[in-house]
Amino acid sequence: MAVTLAQAINQALHDAMTEDERVLVFGEDVGKLGGVFRVTDKLQETFSEARCFDTPLAESGIIGTAIGLAMYGYRPVPEMQFDGFTYPAFEQIVSHLAKMPNRSRGTVKLPVTIRIPYGGGIGAVEHHSESPEAYWAHTQGLKVFTPGTPDDAYSMMRAAIAMDDPVIFLEPKRRYWMKSETELPVQTEAPHRAVVRREGTDVSVFCYGPMVRTAMEAAEAAADEGWSLEVVDLRSLNPLDTPTIVASVQRTGRAVVVHEAAQTLGMGAEIAARIQERAFYSLEAPVLRATGYDTPYPPAKLEEFWLPDVDRILDLVERTLAY
Amino acid sequence: MAVTLAQAINQALHDAMTEDERVLVFGEDVGKLGGVFRVTDKLQETFSEARCFDTPLAESGIIGTAIGLAMYGYRPVPEMQFDGFTYPAFEQIVSHLAKMPNRSRGTVKLPVTIRIPYGGGIGAVEHHSESPEAYWAHTQGLKVFTPGTPDDAYSMMRAAIAMDDPVIFLEPKRRYWMKSETELPVQTEAPHRAVVRREGTDVSVFCYGPMVRTAMEAAEAAADEGWSLEVVDLRSLNPLDTPTIVASVQRTGRAVVVHEAAQTLGMGAEIAARIQERAFYSLEAPVLRATGYDTPYPPAKLEEFWLPDVDRILDLVERTLAY
Amino acid sequence: DGQAQAAPVRPLAKPPVRKLAKDLGVDLADIAPGSGPEGVITREDVHAAASGGQGAQATAAATQTPASAPAPTAGV
Amino acid sequence: MADAAIDPRELLPPDEPVHLLDPDGTYHEDPEHPIDLDDAGLRELYRLMLVTRKVDREAINLQRQGQLGVYASCMGQEAAQVGSAYALGEEDWIFPSYRELGAALVRQCDAAGLLHLYRGTWLSDHDPYKHHFALMSIPIGTQALHATGFAMGARLDGNPIVTMTYYGDGGTSEGDPHEAMTFAGVMKSPVIFFVQNNQYAISVPLDKQTAAPTLAHKAVGYGLPGRRCDGNDVLATYAVTRKAVERARSGEGPTFIEALTYRMEAHTTSDDPSRYRTQTELDEAAKTDPIVRMRNFLQQRDLYDAELEQAVEDQAKEVASYVRAGIYDAPHGDPMELFEHVY
Amino acid sequence: MADAAIDPRELLPPDEPVHLLDPDGTYHEDPEHPIDLDDAGLRELYRLMLVTRKVDREAINLQRQGQLGVYASCMGQEAAQVGSAYALGEEDWIFPSYRELGAALVRQCDAAGLLHLYRGTWLSDHDPYKHHFALMSIPIGTQALHATGFAMGARLDGNPIVTMTYYGDGGTSEGDPHEAMTFAGVMKSPVIFFVQNNQYAISVPLDKQTAAPTLAHKAVGYGLPGRRCDGNDVLATYAVTRKAVERARSGEGPTFIEALTYRMEAHTTSDDPSRYRTQTELDEAAKTDPIVRMRNFLQQRDLYDAELEQAVEDQAKEVASYVRAGIYDAPHGDPMELFEHVY
Ligand SMILES: Cc1ncc(C[n+]2csc(CCOP(=O)(O)OP(=O)(O)O)c2C)c(N)n1
Ligand SMILES: Cc1ncc(C[n+]2csc(CCOP(=O)(O)OP(=O)(O)O)c2C)c(N)n1
Ligand SMILES: [Mg+2]
Ligand SMILES: [Mg+2]
Ligand SMILES: [Mg+2]
C-alpha cells in the first residue's frame, strides 16, 4: 500500500498513542487542525483533546511544559511548527531537556520527542526552510534522528517515543509527500544505525533526511558516468554511526557528505573530521561536502541555486575521483 | 604597565564610548555594579546612566532592544551575563541579528557587539562555564571573535564595536585576571586574522580564547620532549582564517586543535574538515582534537578531569607524531 | 570496527605518500601491503618501487584486516 | 516600580472598548476620543481601507495563479490597521508582523515590494528607512522588542518620534512581547503595542490562547495603560491610537492597544479555515465589515458620492494593477547576490 | 478567554498585602485568612525558620572556608519560604530556583545534598522524587514552565496534587514565567506561582526591573488571581498559600502570589552589595526580621519558653553540623561518572 512519509508519521503517532496512554501530542495547531502539514490529523478526534491538544503560541512554553509532563510520567511528543521557530525554546532544550538526566544522575528521565519539520525546497517564506540539526547534534544529551523514507519515519518515530532519552526528531518536510509501497506497522533498523541504501565501490556518499532521495538520484545518474556510488543514509545525527561511516570509506577510499545546512560547522564537518581521523590511511582524497552555502537560507526563487542537488553531488564526486 | 584582560576590555569600552557617542553598554548589572566581573566598572559613572545602563532580567529583551537601538543608529554593546544564559536570546540572535542585514540587502546594518564571558576552569556552578561558540559560528551572518590575551581583548573589542556587522565577542573568563605588560590603547592584528603565537616545525596547535595560554604552556613543555610546536591563536571563529591555518599545516604536516567545548561539532570539526580538504597531501597524520568530552559540562570538582590541559595536548601531539 | 571484508582491501597510505606515488608513477596497488604497521605503504616503499626494487613484501593474501586507526582519546 | 501617583485601576481597560461607529455608520461622539480629522481625512481613511481590500484581494489572486508562494490576507482588519497607522506622524516608525498591508499602504510603502517577500524574489524588498516601516517580521512577536529598542533610541536621542508595533492575539503568548513591555514600561519608551485580536492564531481560537479577561488587561502588569477599541471601527482605532501617540510623544510612555477584529480570510492561502470555524461565524463577522461601516458613515455625513466611489475604485484598481505588473512573472534576482550582505 | 463569570477586578491584588503579624508579634486576625494551625504547628514554623537561618549561616561559613564554591543565601526570606512550603501537602511538588533552602528544609530534603551543588561535587545531589522537590534551577524563571507542565500532568491524571514554583522579582521579567502563566491560565493547571520579591535582582533594584504597580498586578493579564502578602510574616505567607493550594486542588486553577521581603545577605557570596545598597537600608530591613517576629508572636501566645528555644537551637546546630560533616572536605566523585547519564 502506498504510504507517504507524513502518513507514516501520523500512523506512528496513532499507534504509539494506542499502545501507551502516557503518550501525548501537543503544539500549535496540532489538535483541531491536525497540523499545518496534517501530520497529526485525526489524533485529537481519536484520542480526545486531553491527549492531543493545541497550545498557546509559545515555543519555550511548549517545551518547558513538556519537560514538566515528562517529569510527571508522561511521554510528551510536542511539535515545533517549523524549524525556524524552534529557537525561542533553545534555552529549555539546551539547558534543561538535554541536561536534566545528567544533572540528576539519571534519576530524572525526560522521554520527550520533539517533532520538527525541517529543510527547504518547498518554496516557502523565511524561517520555514531551515536545517538546524547541527545545533542539536552539538548539544550533549540530545539524540537527533532524521528519517529519509516513509518506513523509517514510522519505525524511527516509534523508537524515539519508546526511548527514555530526549529526542529531536527532524522530519524532512519536502519529503512529506514522498510515497513508498509498504505495510505499516514496520520496523526498520534501530534508529542510531546508519544504513547503506545503495552499495558502491568508488565513492561513499553520506546523507540524511531530505538529501537521501537526492543522493540516490545522484547515484543513478553517476552510474551512467561509470561511477559506483555507495549511498549511506545516516538516520542518526547524534549519535553518529561512526563504525558504519568508517567501514564504508575503508571500502571506497572517497567520501562526499551531502546536507542542506550551511557548510561551516554543519554535520559534514564532524563527519569529515571523524573519517580523516579513523580512516586516515584509506583516504584517496579529502572528504568533500556538498552543502548549502555559508549564507542565510535563500529566498524561494533562488532556492534551486543554493540547495545541493544531483549536479552538485556529481561535481564533487568527480572532484574526489580526480585525486 | 600590567593590565589584566578584564581591564583591557574595560578600557576598550571606555575608549570606544569616548570616541563615539553612539556606543551604548547595557545588560544585567553592568551599570551600577559595573558587571559581575567588573568589566564595565565605572562606565556608568563616567558616561551616565543614559549610555551605560542596567536592564530588566531578560536576555531576549536585551538583544531584541539592541537590534532596535542599532536600527535607530546606535552602536549597542549588550552583555549576556554568562555563556549559559545566552540561550533565551537565541531566537533574536539567529533569526534577526544574523539575518537582517542580508534580509534587507544591506539596507539595515546592525552594528551590535554582544559581549559574553565564556568557558570554564573557574569552579563555578552549572551554566556558568559553557563554550557555546560553535552555535554562533554555525550561524551565517554573525562574526565571532575571541581574544586570548589582554592586548587582543582591547584591540579586538575596539574593532568589533567599530565594524557594522553583528559580532559575538567571547571573553575567556578564566583569563580575565591574566596580566600582560602593555600600554593601552594598542592595536593588534585585524580581528579576522589568526596569529602564530609561537613558531614551530613539528605540529600545528590551533587554539583560541582560554586555551591559548594552555597551548603555549604545552608548547613550552613539549620543547623539553624535543618537540617543536607551532601555536596558532585563531582569534576569529567566524570567519576562520583558513589561509593561515592551511599554511601552518603545510609547514608542519600535523595538527592538533584545542578547545573546551565538547568535541562533536565543536570548532575542531570544521577546522579538521578544512585542513584535510585544503592541505590533504600535506597531512602526515590525521588532525586530532584535544577537547571537552561529549558530555554536558562537568561539576566544579570534576572540571580538571574534563577540560583539556597540557597533558592532554601533549598526549595528542605524541599520538600525531607516531603516524 | 575490525570486521574482515570479503572484498580486497584498498592500499593504505597517508596522503603525502599517495601524492609521492602519483608523482613517481607508482601504483600503490602494485606494492601493497607496505612495510608500515598493518601494511601501510611508506615513502620508502614507494621510492623502492619507483627505482625498480622491492621494498615491501609481496601481497600474500587476497584479504586482510584493514589497519584500524588508533583509538581516539579526546571525546567519547 | 510604578509611579506611585498612578492609580493602577486607571491602567485597566474600561469595560467597553472604544466604539464610535456603528455598523450602520451612526457616529457616537466620545469626548475622551475626539476626531481631529477634516472631511478629506475621513475620506482618506475610507480610501486607504478600500485600496487595502483590493490590493489584498489581488494578492490572493496572484497566489492562486502561482505568482506568490503564499499570502497572509488582512481582510476584515483594514480599520484596525489603517486607523492606527494613520494616527502616526511621518517620522514615526512602524514595526509590523507579516499581515500589515493596510498599515504599509498608509505609510505609502510599495505594495509590490512587500509582496516580493511572498513571491520569494528576495527575503524582503523594501527599504525600512524610506517610509519608516520596518521589515516584515515572521517570527511571532519578536518585532515588539525591535520597536521598543528603536523607541529607547529615540528617547535617548531626544527625538520626539514614536514607534508602533503590530502583532496578534497569538503573539501575546510569546515571551518577547512580554519582555518588550517590561523594558518599555521601565524606560518609558515611546512605543505603542498594537494588538490586532482577530480571534485566531491560525486555527487556535482566543479561548485556547489565553484566559486573560481581555488582552488589554495584560498591560497593567507592566505599568502600562491597556486600551481596547472596536477594531472594525476606523474612527475608534484612529482615536485610540492618537491618544497613545500623544502620550508617547509627550514622554509619558507606552500604551497597549487591543483592537477587536476578525480575520475574514484564511490564516494564509495555505490554510483551510473550514477545518476549525463555521460559515455561520464568518457570516456574522461579515456584518461588522469595517469598510461598509465607514462608507455608511460617510454617506450619513454627505461625504460620499459617486465621484468619490469612482475615484477610490480607480485608485484601488491602479494600485492593484501596479502590484500585478510588479509581481507577475517577475524574474528572480541574481543568485550571486546570495553571497553579498552576509557580513 | 476568561470565564465571563469572573470579574477581572477580583483578580487584582487588594490594596494591602495580607499581613497578620506585626514585627512586635501582635497578631491581627483576618477572616479571609484564618490560621488552621495548632500550637505545635505554630512552633514548627518558628523552628523551621530558625533552622533555615542557621543552616544558611553555616553554608556561608563553609563558602568562606573554601568548602563551597559559592552560595546564595536566603537570609531574611525564611518566612516567605517556610510559610508557603508548609502550606503544601506531602504529595505536592515544589519547583525551586537556587535560593530555596527554607522550602527544602520544610520538605525534609537533605541540606547537605543540596549544598553539594554549591560545592560542585555533582551538578545536583538529591532525588526530586523523594521529597517532591525538583532539582534547583539556575536559569532564571525556567522552572515555572516545569511546574506548570507537571501540574498539567497531574490534572490530566486526575491526581489532586498541586505544584508550586519559586522565582524572584528579576524572574518576572523573563519570558518563561509569562508563558507558564499563560498555559496555566488556559489549562487551569493546579500550579502556584510564588514570587519572592526581595527587592533586588543581584544589583538591579525593583524600580529598574519593572514599572508594574505591584508584581501581583501581572496576574490579571493571564486570568489568574494575584495576591500579595508580607513575605516576612510567616502566618501571612502560610495563609495566602493555603488558600491558593485549596483553590488549585479543587480544580479552580492557578494563583500568583507576591511575597514582599528583603534579601538580607549579598546576592551570593561572590557579590558585594555595598556597591549598590546602603547600610541604612539594610538596617531598616533588619527591623522586619521574620524570625524575631514569630518569636515575639509565640511569646505573646505563651508558646515560647526556654525549653523550646533550647530544643530549636539544638536542632539547628544538629542540622548545621550534619551539613558541615557532609560537606567538609567531601571528596569529588568518580570522574568516569561524567560519561554516564548522558543518554
Ligand atoms: C515564533 C513563531 N512560531 C510559530 C510561527 C508560525 N505561525 C505563523 S503565523 C501564526 C499564528 C499567529 O497568530 P496571531 O499572533 O494571532 O496573528 P494573526 O496571524 O492572527 O494575525 C503562527 C503560529 C511563527 N511565525 N513564529
Ligand atoms: C537566564 C539567566 N540569566 C541570568 C542569570 C544570572 N543571575 C543569577 S541570579 C540573578 C538575579 C535573579 O534575581 P531574582 O529573580 O530577583 O531572584 P533573587 O536572586 O533575588 O532571589 C541573575 C541575573 C541566570 N541565572 N539566568
Ligand atoms: Mg490572530
Ligand atoms: Mg523567550
Ligand atoms: Mg530578587
# chains A, B, ... in the order shown; residues from 1 in each chain; ligands from 1
$ interface_residues --of "chain B" --to "chain D" --cutoff "9 Å" --atoms "only C-alpha atoms" --output "count of residues only"
44
$ calpha_fit_and_write --fixed "chain B" --moving "chain A" --output "short mmCIF file (atom, residue, chain, number, x, y, z; two decimals) with C-alpha atoms, in the first residue's frame"
data_model
loop_
_atom_site.label_atom_id
_atom_site.label_comp_id
_atom_site.auth_asym_id
_atom_site.auth_seq_id
_atom_site.Cartn_x
_atom_site.Cartn_y
_atom_site.Cartn_z
CA MET A 1 52.16 48.64 32.72
CA ALA A 2 50.43 45.48 33.87
CA VAL A 3 46.94 45.21 32.50
CA THR A 4 44.55 42.32 33.02
CA LEU A 5 42.35 41.00 30.24
CA ALA A 6 39.30 42.33 32.07
CA GLN A 7 40.86 45.76 32.46
CA ALA A 8 41.76 45.79 28.80
CA ILE A 9 38.13 45.23 27.85
CA ASN A 10 37.03 47.87 30.34
CA GLN A 11 39.43 50.33 28.78
CA ALA A 12 38.31 49.40 25.29
CA LEU A 13 34.71 50.06 26.20
CA HIS A 14 35.70 53.34 27.81
CA ASP A 15 37.70 54.47 24.81
CA ALA A 16 35.02 53.39 22.34
CA MET A 17 32.37 55.24 24.31
CA THR A 18 34.59 58.31 24.43
CA GLU A 19 35.29 58.38 20.74
CA ASP A 20 31.78 57.53 19.57
CA GLU A 21 28.79 58.80 21.47
CA ARG A 22 26.59 56.25 19.72
CA VAL A 23 28.18 53.41 21.69
CA LEU A 24 25.93 52.11 24.46
CA VAL A 25 26.69 49.45 27.07
CA PHE A 26 23.83 47.65 28.79
CA GLY A 27 22.74 44.39 30.32
CA GLU A 28 22.12 42.83 33.71
CA ASP A 29 24.14 44.49 36.49
CA VAL A 30 26.55 46.24 34.12
CA GLY A 31 25.68 49.75 35.20
CA LYS A 32 25.68 50.47 38.87
CA LEU A 33 27.53 47.31 39.81
CA GLY A 34 29.97 47.54 36.95
CA GLY A 35 29.34 43.94 35.98
CA VAL A 36 29.72 40.71 37.93
CA PHE A 37 33.34 40.62 36.78
CA ARG A 38 33.73 44.39 36.92
CA VAL A 39 34.41 44.52 33.23
CA THR A 40 32.06 47.50 32.86
CA ASP A 41 33.30 49.13 36.04
CA LYS A 42 32.83 52.93 36.24
CA LEU A 43 31.35 53.24 32.78
CA GLN A 44 28.04 54.40 34.18
CA GLU A 45 29.80 56.89 36.41
CA THR A 46 31.81 58.27 33.50
CA PHE A 47 29.23 58.24 30.73
CA SER A 48 25.97 58.46 32.70
CA GLU A 49 23.10 56.07 33.03
CA ALA A 50 21.87 57.07 29.59
CA ARG A 51 24.78 55.30 27.95
CA CYS A 52 25.60 52.55 30.41
CA PHE A 53 22.51 51.10 32.00
CA ASP A 54 21.03 48.12 33.76
CA THR A 55 18.23 46.29 32.05
CA PRO A 56 15.46 44.07 33.37
CA LEU A 57 16.39 40.41 33.71
CA ALA A 58 15.55 39.26 30.20
CA GLU A 59 18.13 38.18 27.64
CA SER A 60 15.84 38.13 24.62
CA GLY A 61 14.76 41.60 25.67
CA ILE A 62 18.35 42.78 25.86
CA ILE A 63 19.25 41.56 22.38
CA GLY A 64 15.92 42.48 20.79
CA THR A 65 16.13 46.04 22.06
CA ALA A 66 19.78 46.15 20.98
CA ILE A 67 18.56 45.39 17.46
CA GLY A 68 16.06 48.25 17.67
CA LEU A 69 18.72 50.61 19.03
CA ALA A 70 21.06 49.61 16.21
CA MET A 71 18.35 50.23 13.63
CA TYR A 72 17.91 53.68 15.14
CA GLY A 73 21.59 54.41 14.73
CA TYR A 74 23.28 53.48 17.96
CA ARG A 75 26.17 51.06 18.40
CA PRO A 76 24.91 48.76 21.14
CA VAL A 77 27.30 46.65 23.18
CA PRO A 78 24.92 44.48 25.21
CA GLU A 79 26.22 41.93 27.67
CA MET A 80 24.99 38.41 28.29
CA GLN A 81 25.97 37.83 31.90
CA PHE A 82 27.28 34.29 31.32
CA ASP A 83 27.62 31.94 28.39
CA GLY A 84 24.96 29.58 29.69
CA PHE A 85 22.41 32.39 29.88
CA THR A 86 22.57 33.49 26.28
CA TYR A 87 20.11 30.88 25.12
CA PRO A 88 16.88 32.77 25.90
CA ALA A 89 18.11 35.24 23.27
CA PHE A 90 18.84 32.59 20.65
CA GLU A 91 15.83 33.48 18.54
CA GLN A 92 16.72 37.17 18.39
CA ILE A 93 20.36 36.40 17.62
CA VAL A 94 19.81 33.74 14.97
CA SER A 95 16.58 34.86 13.30
CA HIS A 96 17.16 38.59 13.34
CA LEU A 97 20.60 39.82 14.36
CA ALA A 98 22.35 37.43 11.99
CA LYS A 99 19.90 37.80 9.15
CA MET A 100 18.48 41.29 8.97
CA PRO A 101 21.36 42.81 7.00
CA ASN A 102 21.04 40.01 4.48
CA ARG A 103 17.26 40.11 4.53
CA SER A 104 17.35 43.82 3.79
CA ARG A 105 20.07 43.56 1.17
CA GLY A 106 22.40 45.59 3.30
CA THR A 107 19.97 48.43 3.95
CA VAL A 108 19.69 47.61 7.61
CA LYS A 109 23.00 47.47 9.39
CA LEU A 110 23.18 46.05 12.86
CA PRO A 111 26.45 47.14 14.46
CA VAL A 112 25.78 45.19 17.63
CA THR A 113 28.60 43.63 19.65
CA ILE A 114 27.36 41.06 22.14
CA ARG A 115 29.79 40.53 24.98
CA ILE A 116 29.74 37.07 26.51
CA PRO A 117 32.07 35.78 29.25
CA TYR A 118 32.61 32.12 28.38
CA GLY A 119 34.49 28.97 29.18
CA GLY A 120 35.22 27.04 32.33
CA GLY A 121 38.01 26.39 34.74
CA ILE A 122 36.66 28.73 37.40
CA GLY A 123 34.97 26.25 39.70
CA ALA A 124 31.52 27.63 39.02
CA VAL A 125 28.05 26.21 39.32
CA GLU A 126 26.15 24.97 36.30
CA HIS A 127 25.55 27.18 33.25
CA HIS A 128 28.50 29.44 34.09
CA SER A 129 31.23 27.56 32.23
CA GLU A 130 29.80 26.84 28.81
CA SER A 131 31.58 27.12 25.48
CA PRO A 132 28.77 27.83 23.02
CA GLU A 133 30.92 29.29 20.25
CA ALA A 134 30.04 26.62 17.71
CA TYR A 135 26.37 27.60 17.83
CA TRP A 136 27.36 31.13 16.83
CA ALA A 137 29.98 30.15 14.27
CA HIS A 138 27.43 27.93 12.52
CA THR A 139 25.03 30.85 12.26
CA GLN A 140 25.64 32.62 8.97
CA GLY A 141 25.72 36.38 9.36
CA LEU A 142 27.46 36.52 12.72
CA LYS A 143 31.08 37.34 13.25
CA VAL A 144 32.59 35.50 16.19
CA PHE A 145 35.73 36.83 17.82
CA THR A 146 37.55 35.66 20.91
CA PRO A 147 40.72 37.19 22.33
CA GLY A 148 43.24 35.11 24.22
CA THR A 149 45.42 37.96 25.51
CA PRO A 150 44.85 41.37 27.10
CA ASP A 151 46.19 43.19 24.06
CA ASP A 152 43.85 41.35 21.78
CA ALA A 153 41.00 41.90 24.19
CA TYR A 154 41.50 45.63 23.85
CA SER A 155 42.18 45.75 20.16
CA MET A 156 39.57 43.25 19.03
CA MET A 157 36.89 44.88 21.13
CA ARG A 158 37.64 48.24 19.55
CA ALA A 159 37.49 46.65 16.13
CA ALA A 160 34.30 44.76 16.86
CA ILE A 161 32.49 47.86 18.05
CA ALA A 162 33.70 49.82 15.05
CA MET A 163 32.51 47.35 12.45
CA ASP A 164 29.00 47.46 11.08
CA ASP A 165 28.45 43.72 11.39
CA PRO A 166 26.93 41.93 14.34
CA VAL A 167 29.70 40.43 16.43
CA ILE A 168 29.61 37.79 19.13
CA PHE A 169 32.54 38.71 21.35
CA LEU A 170 33.53 35.82 23.56
CA GLU A 171 35.61 36.77 26.59
CA PRO A 172 37.56 33.90 28.21
CA LYS A 173 36.52 34.43 31.78
CA ARG A 174 39.16 32.23 33.33
CA ARG A 175 41.69 34.62 31.76
CA TYR A 176 40.06 37.79 33.00
CA TRP A 177 42.81 38.14 35.59
CA MET A 178 45.62 37.23 33.22
CA LYS A 179 48.12 40.06 33.15
CA SER A 180 50.19 41.44 30.38
CA GLU A 181 52.74 44.20 30.26
CA THR A 182 51.32 46.59 27.75
CA GLU A 183 50.37 50.17 27.03
CA LEU A 184 46.79 50.86 26.07
CA PRO A 185 45.49 51.78 23.61
CA VAL A 186 47.06 49.08 21.48
CA GLN A 187 46.26 47.81 18.04
CA THR A 188 46.98 44.20 17.29
CA GLU A 189 46.23 42.26 14.12
CA ALA A 190 42.91 42.68 12.39
CA PRO A 191 40.37 40.59 14.29
CA HIS A 192 39.59 38.14 11.50
CA ARG A 193 43.23 37.01 11.28
CA ALA A 194 44.70 34.08 13.11
CA VAL A 195 48.08 34.79 14.64
CA VAL A 196 51.02 32.45 15.06
CA ARG A 197 51.90 32.88 18.72
CA ARG A 198 54.85 30.56 18.59
CA GLU A 199 56.56 29.21 15.53
CA GLY A 200 57.31 25.53 15.33
CA THR A 201 58.07 22.75 12.91
CA ASP A 202 56.57 19.52 14.19
CA VAL A 203 52.89 20.03 14.98
CA SER A 204 50.48 22.93 14.49
CA VAL A 205 48.38 23.53 17.57
CA PHE A 206 45.22 25.54 16.86
CA CYS A 207 43.57 27.19 19.81
CA TYR A 208 41.60 30.23 20.89
CA GLY A 209 40.36 32.10 23.93
CA PRO A 210 41.08 30.36 27.20
CA MET A 211 43.13 27.62 25.57
CA VAL A 212 45.74 29.95 24.09
CA ARG A 213 47.63 30.07 27.32
CA THR A 214 47.22 26.36 27.84
CA ALA A 215 48.55 25.66 24.38
CA MET A 216 51.54 27.92 24.97
CA GLU A 217 52.27 26.10 28.19
CA ALA A 218 52.03 22.84 26.29
CA ALA A 219 54.49 24.14 23.72
CA GLU A 220 56.97 24.98 26.47
CA ALA A 221 56.61 21.53 27.97
CA ALA A 222 56.82 19.96 24.51
CA ALA A 223 60.16 21.61 23.91
CA ASP A 224 61.51 19.56 26.81
CA GLU A 225 60.45 16.48 24.91
CA GLY A 226 62.20 17.72 21.83
CA TRP A 227 58.98 18.59 20.05
CA SER A 228 58.62 21.89 18.27
CA LEU A 229 55.01 23.04 18.42
CA GLU A 230 53.61 25.88 16.38
CA VAL A 231 50.84 27.58 18.32
CA VAL A 232 48.22 29.39 16.26
CA ASP A 233 45.74 31.62 18.07
CA LEU A 234 42.66 31.58 15.85
CA ARG A 235 41.05 34.75 17.33
CA SER A 236 38.24 34.67 14.82
CA LEU A 237 35.96 31.65 14.78
CA ASN A 238 33.77 33.05 12.07
CA PRO A 239 35.24 33.75 9.63
CA LEU A 240 38.05 31.29 10.22
CA ASP A 241 41.41 32.39 8.86
CA THR A 242 41.72 29.37 6.64
CA PRO A 243 44.84 30.52 4.74
CA THR A 244 46.84 30.87 7.95
CA ILE A 245 45.58 27.54 9.23
CA VAL A 246 46.40 25.76 5.98
CA ALA A 247 49.81 27.39 5.60
CA SER A 248 50.76 26.24 9.07
CA VAL A 249 49.82 22.62 8.39
CA GLN A 250 51.58 22.73 5.07
CA ARG A 251 54.69 23.59 7.07
CA THR A 252 54.32 21.10 9.89
CA GLY A 253 52.22 18.30 8.39
CA ARG A 254 50.45 17.70 11.69
CA ALA A 255 47.66 19.40 13.59
CA VAL A 256 46.01 19.31 16.98
CA VAL A 257 43.00 21.53 17.72
CA VAL A 258 42.31 22.54 21.31
CA HIS A 259 39.03 23.80 22.73
CA GLU A 260 36.97 23.41 25.87
CA ALA A 261 33.71 22.78 24.07
CA ALA A 262 32.55 19.23 23.53
CA GLN A 263 34.21 17.55 20.59
CA THR A 264 31.28 16.69 18.36
CA LEU A 265 30.61 19.65 16.10
CA GLY A 266 32.91 21.87 18.09
CA MET A 267 35.22 24.26 16.23
CA GLY A 268 37.72 21.43 15.84
CA ALA A 269 35.35 19.64 13.49
CA GLU A 270 35.29 22.49 10.99
CA ILE A 271 39.01 23.10 11.32
CA ALA A 272 39.80 19.44 10.75
CA ALA A 273 37.41 19.31 7.80
CA ARG A 274 39.03 22.32 6.16
CA ILE A 275 42.58 21.20 6.83
CA GLN A 276 42.04 17.77 5.34
CA GLU A 277 40.34 19.35 2.36
CA ARG A 278 42.91 22.03 1.61
CA ALA A 279 46.15 20.58 2.92
CA PHE A 280 45.34 16.99 2.05
CA TYR A 281 48.69 16.10 0.63
CA SER A 282 50.57 17.71 3.48
CA LEU A 283 49.02 15.68 6.25
CA GLU A 284 51.34 13.16 7.84
CA ALA A 285 48.69 12.29 10.37
CA PRO A 286 45.02 12.98 10.95
CA VAL A 287 44.03 16.21 12.61
CA LEU A 288 43.40 15.37 16.24
CA ARG A 289 41.24 17.26 18.70
CA ALA A 290 42.01 17.92 22.36
CA THR A 291 38.62 18.99 23.56
CA GLY A 292 35.95 18.70 26.19
CA TYR A 293 34.29 15.32 26.19
CA ASP A 294 30.95 14.63 24.59
CA THR A 295 29.05 15.19 27.82
CA PRO A 296 27.42 18.19 29.44
CA TYR A 297 29.86 20.45 31.28
CA PRO A 298 31.01 18.75 34.46
CA PRO A 299 30.52 19.82 38.07
CA ALA A 300 33.24 22.05 39.51
CA LYS A 301 35.07 19.32 41.37
CA LEU A 302 35.46 17.23 38.23
CA GLU A 303 36.35 20.08 35.90
CA GLU A 304 40.04 19.31 35.93
CA PHE A 305 39.45 15.82 34.61
CA TRP A 306 37.26 17.06 31.81
CA LEU A 307 38.93 20.21 30.47
CA PRO A 308 41.76 19.82 28.00
CA ASP A 309 45.05 20.62 29.67
CA VAL A 310 48.76 20.50 28.88
CA ASP A 311 48.88 16.73 29.36
CA ARG A 312 46.02 16.06 27.02
CA ILE A 313 47.53 18.28 24.37
CA LEU A 314 50.91 16.59 24.67
CA ASP A 315 49.21 13.24 24.56
CA LEU A 316 47.70 14.04 21.20
CA VAL A 317 50.93 15.61 19.99
CA GLU A 318 52.60 12.33 20.77
CA ARG A 319 49.86 10.39 19.01
CA THR A 320 50.12 12.50 15.93
CA LEU A 321 53.88 12.13 15.81
CA ALA A 322 53.48 8.38 15.94
CA TYR A 323 51.94 8.38 12.49
#
$ select_by_dssp --residues "segment 186-314 of chain A" --states "strand (DSSP E or B)" --output "NGL selection string"
:A and (195-198 or 203-207 or 229-233 or 236-238 or 255-262 or 288-292)
$ atom_distance --atom1 "atom CA of Asn197 of chain E" --atom2 "atom CA of Arg277 of chain E"
16.1 Å
$ residues_around --residues "Pro34 of chain E" --least-positions-apart "4" --cutoff "10 Å" --atoms "only C-alpha atoms" --output "short mmCIF file (atom, residue, chain, number, x, y, z; two decimals) with N, CA, C and O atoms, in the first residue's frame"
data_model
loop_
_atom_site.label_atom_id
_atom_site.label_comp_id
_atom_site.auth_asym_id
_atom_site.auth_seq_id
_atom_site.Cartn_x
_atom_site.Cartn_y
_atom_site.Cartn_z
N LEU E 20 -0.59 39.62 58.87
CA LEU E 20 -1.24 39.11 60.08
C LEU E 20 -0.41 39.37 61.33
O LEU E 20 -0.95 39.49 62.43
N GLU E 29 -6.18 39.26 63.34
CA GLU E 29 -6.99 38.25 62.69
C GLU E 29 -7.58 38.78 61.40
O GLU E 29 -7.97 39.94 61.31
N ASP E 30 -7.62 37.92 60.41
CA ASP E 30 -8.21 38.29 59.12
C ASP E 30 -9.15 37.15 58.72
O ASP E 30 -8.69 36.04 58.45
N LEU E 235 2.88 33.77 59.08
CA LEU E 235 1.46 33.39 59.11
C LEU E 235 0.76 33.89 57.86
O LEU E 235 -0.12 33.21 57.33
N ALA E 236 1.15 35.03 57.38
CA ALA E 236 0.56 35.55 56.15
C ALA E 236 0.95 34.69 54.95
O ALA E 236 0.12 34.33 54.12
N TYR E 238 1.87 31.69 54.97
CA TYR E 238 1.21 30.40 55.12
C TYR E 238 -0.25 30.49 54.68
O TYR E 238 -0.73 29.69 53.88
N ALA E 239 -0.94 31.48 55.20
CA ALA E 239 -2.37 31.58 54.95
C ALA E 239 -2.69 31.85 53.48
O ALA E 239 -3.62 31.26 52.91
N VAL E 240 -1.95 32.75 52.89
CA VAL E 240 -2.20 33.07 51.48
C VAL E 240 -1.93 31.85 50.60
O VAL E 240 -2.69 31.56 49.66
N ARG E 242 -2.09 28.71 51.58
CA ARG E 242 -3.15 27.70 51.85
C ARG E 242 -4.34 27.95 50.95
O ARG E 242 -4.89 27.03 50.36
N LYS E 243 -4.73 29.17 50.85
CA LYS E 243 -5.88 29.50 50.00
C LYS E 243 -5.58 29.11 48.56
O LYS E 243 -6.43 28.54 47.87
#
$ residues_near_ligand --ligand "ligand 5" --cutoff "9 Å" --atoms "only C-alpha atoms and all ligand atoms" --output "ChimeraX atom specification"
/E:167-171,195-202,204-206,262-263,267
$ select_by_dssp --residues "segment 47-222 of chain E" --states "helix (DSSP H, G or I)" --output "PyMOL selection string"
chain E and resi 47-64+78-86+101-106+111-119+128-131+143-156+170-173+175-187+206-209+215-222
$ residues_around --residues "segment 22-31 of chain C" --least-positions-apart "4" --cutoff "7 Å" --atoms "only C-alpha atoms" --output "PyMOL selection string"
chain C and resi 11+18+46+49-50+56
$ atom_distance --atom1 "atom CA of Leu105 of chain E" --atom2 "atom CA of Val191 of chain E"
20.6 Å
